[in-house]
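A.B. asks: I'd like to ask you about the structure that follows.
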Amino acid sequence: MKNKLFAILLLLILNINSNAQHLKTEPITKDSITTITISFVGDLMCHSSQFGYAMLKDSTYNFKPVYKYVKKYLSNTDFTIGNLETVLGGDSVQYRGYPLFNTPDEFLTALKYAGFDLLITANNHSLDLGEYGLRRTIEQIKKDGLYYRGTFLSIYDRDEVKIIEIKGIKLSILSYTYGTNGNLLPKGKRYLINTINLKKIKNDIIKSRKEKADVVIVYYHFGKEYKRHPTKYQNQVVDSTINLGADIIIGSHTHVIQTGKFFNSGNGFVAYSLGNFISNQRWRYSNGGVILTIKFIKNYKINLTSIENVNYIPTYVFKGKVKGKNSFIIIPEKYYKTSLVYPFFADSTYKEMFQSFDDTHAQFKYLDKKLILSMDKMK
């Protein structure tokens, strides 16, 4: 009898252990793979002719038509970033363009409408209206529900690591400028703007990793204006930043599109400059821009986030009459081939636009063929 009871007890124990082992090997309910897309553009400028064209009869401004044909592409990705190369000082200060910008608040409203999520605010025009303009710009960005990176309201704001999580992928977005056109920061307030300092950048990247950032993006404002290839200084800064552990490096300031490269066996990417996205710079190479989109994939099983593919769409800034009204409109290359929305184009404008698109394609020939690179991938 004892032997029989012992056998039954042994079977029960074995069955319990078997069930416990089975529970441990249940598949993870969380998806093992997730993907996100992030779009980047270059300089968002507002020269005097731009706000002049946008002015309405009641002295307010409407910049939204500028983005009517690119809104689709900016809004359809998970996150969109651009460099706000102006300040918003309000109407108590005269609106003006170069060299000391002050732009109507409606310019920002249009960026929100177009699909932007985060604006880079560290550039050589950040202090065009001094500390007042820097602070007011940040407040307006916050008011419109957008993120900002590169300028700050306090030391705490500067030193806090801000992680943005999209579909389970954590992003750290950092921004730095080479300078501020000689405009000096107030004494004791160097925290107001990030300038390029490798020691500071190293600490920011380290803090980002401690906060479990899957992707560290560094957006630089640097280079020589209108030069289509990176300078020695740009290469030095980029190579150092790669060694410090950045995953993506994006540049602006040159007002023309520059070349780029992959690094870390295709898991890292740098675009030295994305040129102008909107401006009144009408000469060749500066009247065109690009929407650069990077798709990231995260594998939860091995806790690895990497680049899945890179796409780009060349853009061109049209300036002229539309239905009798002076207009600026950003034209994406994909649109003109399939739409009859350009009856206002003169033959000379078409020629200039095609040249701009070709110039952009030439600068992106470096893209690694092993990755999926096609404008038609943008949906």
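Ordering of the structure tokens sets the chain letters (A, B, ...); residue numbers start at 1 within each chain; ligands are numbered from 1 in the order shown.
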Give me the residues within 10 Å of A:Ile278 as a list in words, counting only C-alpha atoms and dropping any in the same chain fewer than 6 places off.

C.D. replies: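 Counting only the stated atoms, we get Val41, Gly42, Asp43, Leu44, Met45, Cys46, His47, Gln50, Val66, Tyr67, His255, Ser286, Asn287, Gly288, Gly289, Thr315, Tyr316, Val317, Phe318, Phe328, Ile329 and Ile330 of chain A.
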
A.B. asks: Can you check which residues of stretch 182-344 of chain A DSSP gives as strand (DSSP E or B) on the backbone and send them as a PyMOL selection string?

C.D. replies: chain A and resi 193+195+215-221+248-252+257+260-263+268-271+274+276-278+288-299+304-322+325-332

A.B. asks: Could you give me, as a list in words, the residues within 9 Å of A:Val270, counting only C-alpha atoms and dropping anything in the same chain fewer than 5 positions from it?

C.D. replies: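 Final neighbour list, sorted by chain and number: Val238, Asp247, Ile248, Ile249, Ile250, Gly251, Thr259, Gly260, Lys261, Phe262 and Phe263 of chain A.
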
A.B. asks: For A:Leu118, please output as a PyMOL selection string all residues within 7 Å (counting only C-alpha atoms; exclusion window: fewer than 4 positions along the same chain).

C.D. replies: chain A and resi 80-82+146-148

A.B. asks: Write a file of the selected residues as a CSV table (one decimal), in the first residue's frame, keeping C-alpha atoms.

C.D. replies:
chain,number,residue,atom,x,y,z
A,80,THR,CA,9.2,64.1,-38.4
A,81,ILE,CA,12.2,66.4,-37.6
A,82,GLY,CA,13.4,69.7,-39.1
A,146,LEU,CA,5.8,70.2,-30.6
A,147,TYR,CA,9.1,68.9,-29.1
A,148,TYR,CA,12.3,71.0,-29.3

A.B. asks: DSSP says helix (DSSP H, G or I) for which residues of stretch 96-268 of chain A? Put them as a short mmCIF file (atom, residue, chain, number, x, y, z; two decimals) with N, CA and C atoms, in the first residue's frame?

C.D. replies:
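What ended up in selection-v2.cif:
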data_model
loop_
_atom_site.label_atom_id
_atom_site.label_comp_id
_atom_site.auth_asym_id
_atom_site.auth_seq_id
_atom_site.Cartn_x
_atom_site.Cartn_y
_atom_site.Cartn_z
N GLU A 106 2.58 82.19 -36.99
CA GLU A 106 1.85 81.32 -37.92
C GLU A 106 2.77 80.40 -38.72
N PHE A 107 4.05 80.77 -38.82
CA PHE A 107 5.02 79.90 -39.48
C PHE A 107 5.11 78.57 -38.74
N LEU A 108 5.10 78.65 -37.42
CA LEU A 108 5.15 77.45 -36.58
C LEU A 108 3.85 76.66 -36.68
N THR A 109 2.73 77.35 -36.71
CA THR A 109 1.43 76.70 -36.85
C THR A 109 1.37 75.85 -38.12
N ALA A 110 1.97 76.39 -39.19
CA ALA A 110 1.98 75.65 -40.47
C ALA A 110 2.86 74.41 -40.39
N LEU A 111 3.95 74.48 -39.64
CA LEU A 111 4.82 73.32 -39.49
C LEU A 111 4.08 72.21 -38.74
N LYS A 112 3.33 72.57 -37.74
CA LYS A 112 2.51 71.59 -37.02
C LYS A 112 1.49 70.97 -37.97
N TYR A 113 0.83 71.80 -38.75
CA TYR A 113 -0.15 71.35 -39.74
C TYR A 113 0.49 70.40 -40.75
N ALA A 114 1.73 70.69 -41.15
CA ALA A 114 2.40 69.89 -42.18
C ALA A 114 2.83 68.52 -41.69
N GLY A 130 18.43 87.60 -29.12
CA GLY A 130 18.95 87.43 -27.78
C GLY A 130 18.22 86.37 -26.98
N GLU A 131 18.39 86.43 -25.66
CA GLU A 131 17.76 85.46 -24.78
C GLU A 131 16.24 85.52 -24.89
N TYR A 132 15.70 86.72 -25.05
CA TYR A 132 14.24 86.87 -25.17
C TYR A 132 13.70 86.04 -26.34
N GLY A 133 14.31 86.17 -27.50
CA GLY A 133 13.83 85.45 -28.67
C GLY A 133 13.98 83.95 -28.52
N LEU A 134 15.08 83.53 -27.92
CA LEU A 134 15.32 82.09 -27.70
C LEU A 134 14.23 81.50 -26.81
N ARG A 135 13.96 82.20 -25.70
CA ARG A 135 12.96 81.68 -24.76
C ARG A 135 11.56 81.71 -25.35
N ARG A 136 11.22 82.79 -26.04
CA ARG A 136 9.87 82.88 -26.59
C ARG A 136 9.65 81.82 -27.68
N THR A 137 10.69 81.54 -28.44
CA THR A 137 10.58 80.50 -29.47
C THR A 137 10.25 79.16 -28.84
N ILE A 138 10.95 78.82 -27.77
CA ILE A 138 10.67 77.56 -27.08
C ILE A 138 9.24 77.53 -26.57
N GLU A 139 8.79 78.63 -25.96
CA GLU A 139 7.44 78.66 -25.41
C GLU A 139 6.39 78.48 -26.51
N GLN A 140 6.62 79.08 -27.68
CA GLN A 140 5.67 78.93 -28.78
C GLN A 140 5.67 77.50 -29.32
N ILE A 141 6.85 76.89 -29.37
CA ILE A 141 6.93 75.50 -29.81
C ILE A 141 6.14 74.59 -28.85
N LYS A 142 6.32 74.81 -27.57
CA LYS A 142 5.59 74.03 -26.58
C LYS A 142 4.08 74.28 -26.68
N LYS A 143 3.71 75.52 -26.92
CA LYS A 143 2.29 75.88 -27.04
C LYS A 143 1.63 75.14 -28.19
N ILE A 155 18.98 75.17 -16.55
CA ILE A 155 20.03 74.15 -16.44
C ILE A 155 19.40 72.76 -16.37
N TYR A 156 18.30 72.65 -15.62
CA TYR A 156 17.62 71.36 -15.51
C TYR A 156 17.12 70.90 -16.88
N ASP A 157 16.55 71.83 -17.62
CA ASP A 157 16.07 71.53 -18.97
C ASP A 157 17.21 71.04 -19.84
N ARG A 158 18.36 71.67 -19.72
CA ARG A 158 19.54 71.29 -20.50
C ARG A 158 20.07 69.91 -20.10
N ASP A 159 20.13 69.63 -18.82
CA ASP A 159 20.79 68.41 -18.35
C ASP A 159 19.88 67.18 -18.32
N ARG A 190 25.19 79.78 -20.16
CA ARG A 190 25.65 78.96 -21.29
C ARG A 190 24.73 77.78 -21.54
N TYR A 191 23.91 77.45 -20.56
CA TYR A 191 22.98 76.32 -20.72
C TYR A 191 21.88 76.61 -21.75
N LEU A 192 21.72 77.86 -22.18
CA LEU A 192 20.63 78.21 -23.07
C LEU A 192 20.71 77.52 -24.43
N LEU A 198 32.74 68.08 -27.71
CA LEU A 198 32.74 66.61 -27.70
C LEU A 198 32.62 66.02 -26.30
N LYS A 199 33.15 66.70 -25.30
CA LYS A 199 33.02 66.21 -23.93
C LYS A 199 31.55 66.23 -23.50
N LYS A 200 30.88 67.32 -23.82
CA LYS A 200 29.46 67.45 -23.50
C LYS A 200 28.64 66.41 -24.27
N ILE A 201 28.98 66.24 -25.54
CA ILE A 201 28.24 65.29 -26.39
C ILE A 201 28.43 63.87 -25.87
N LYS A 202 29.65 63.54 -25.47
CA LYS A 202 29.93 62.22 -24.90
C LYS A 202 29.05 61.97 -23.68
N ASN A 203 28.98 62.95 -22.78
CA ASN A 203 28.16 62.79 -21.58
C ASN A 203 26.69 62.63 -21.92
N ASP A 204 26.22 63.37 -22.92
CA ASP A 204 24.81 63.27 -23.31
C ASP A 204 24.49 61.89 -23.89
N ILE A 205 25.42 61.34 -24.67
CA ILE A 205 25.20 60.02 -25.24
C ILE A 205 25.24 58.95 -24.15
N ILE A 206 26.16 59.07 -23.22
CA ILE A 206 26.24 58.13 -22.10
C ILE A 206 24.94 58.15 -21.29
N LYS A 207 24.44 59.35 -21.00
CA LYS A 207 23.19 59.47 -20.25
C LYS A 207 22.02 58.88 -21.04
N SER A 208 22.05 59.07 -22.34
CA SER A 208 20.98 58.52 -23.19
C SER A 208 20.96 57.00 -23.10
N ARG A 209 22.12 56.39 -23.14
CA ARG A 209 22.20 54.92 -23.05
C ARG A 209 21.76 54.43 -21.67
N LYS A 210 22.08 55.20 -20.64
CA LYS A 210 21.65 54.82 -19.29
C LYS A 210 20.13 54.84 -19.18
N LYS A 232 36.71 69.32 -43.64
CA LYS A 232 37.55 68.53 -42.73
C LYS A 232 36.98 68.56 -41.32
N TYR A 233 36.51 69.73 -40.89
CA TYR A 233 35.93 69.87 -39.56
C TYR A 233 34.69 69.00 -39.40
N GLN A 234 33.81 69.02 -40.40
CA GLN A 234 32.62 68.17 -40.33
C GLN A 234 33.00 66.70 -40.21
N ASN A 235 33.96 66.27 -41.00
CA ASN A 235 34.39 64.86 -40.94
C ASN A 235 34.96 64.52 -39.58
N GLN A 236 35.74 65.42 -39.01
CA GLN A 236 36.32 65.17 -37.70
C GLN A 236 35.23 65.04 -36.63
N VAL A 237 34.26 65.96 -36.67
CA VAL A 237 33.17 65.93 -35.68
C VAL A 237 32.34 64.66 -35.84
N VAL A 238 32.02 64.32 -37.08
CA VAL A 238 31.20 63.12 -37.33
C VAL A 238 31.93 61.86 -36.90
N ASP A 239 33.20 61.72 -37.27
CA ASP A 239 33.95 60.53 -36.90
C ASP A 239 34.07 60.40 -35.38
N SER A 240 34.26 61.52 -34.71
CA SER A 240 34.33 61.50 -33.24
C SER A 240 32.98 61.09 -32.65
N THR A 241 31.90 61.58 -33.23
CA THR A 241 30.56 61.28 -32.73
C THR A 241 30.22 59.81 -32.94
N ILE A 242 30.66 59.26 -34.05
CA ILE A 242 30.48 57.81 -34.28
C ILE A 242 31.20 57.03 -33.20
N ASN A 243 32.43 57.41 -32.89
CA ASN A 243 33.20 56.73 -31.85
C ASN A 243 32.56 56.87 -30.48
N LEU A 244 31.82 57.95 -30.28
CA LEU A 244 31.15 58.17 -28.99
C LEU A 244 29.86 57.35 -28.87
#

A.B. asks: What is the atom CA of A:Ile120-atom CA of A:Ile217 distance in Å, reported with one decimal?

C.D. replies: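 These atoms are spaced 11.8 Å apart.
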
A.B. asks: Of the candidates A:Ile173, A:Leu184, A:Ile193, A:Leu127, which one gets nearest to A:Ser154 if we count only C-alpha atoms?

C.D. replies: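 When distances to A:Ser154 are compared using only C-alpha atoms, the smallest one comes from A:Ile193.
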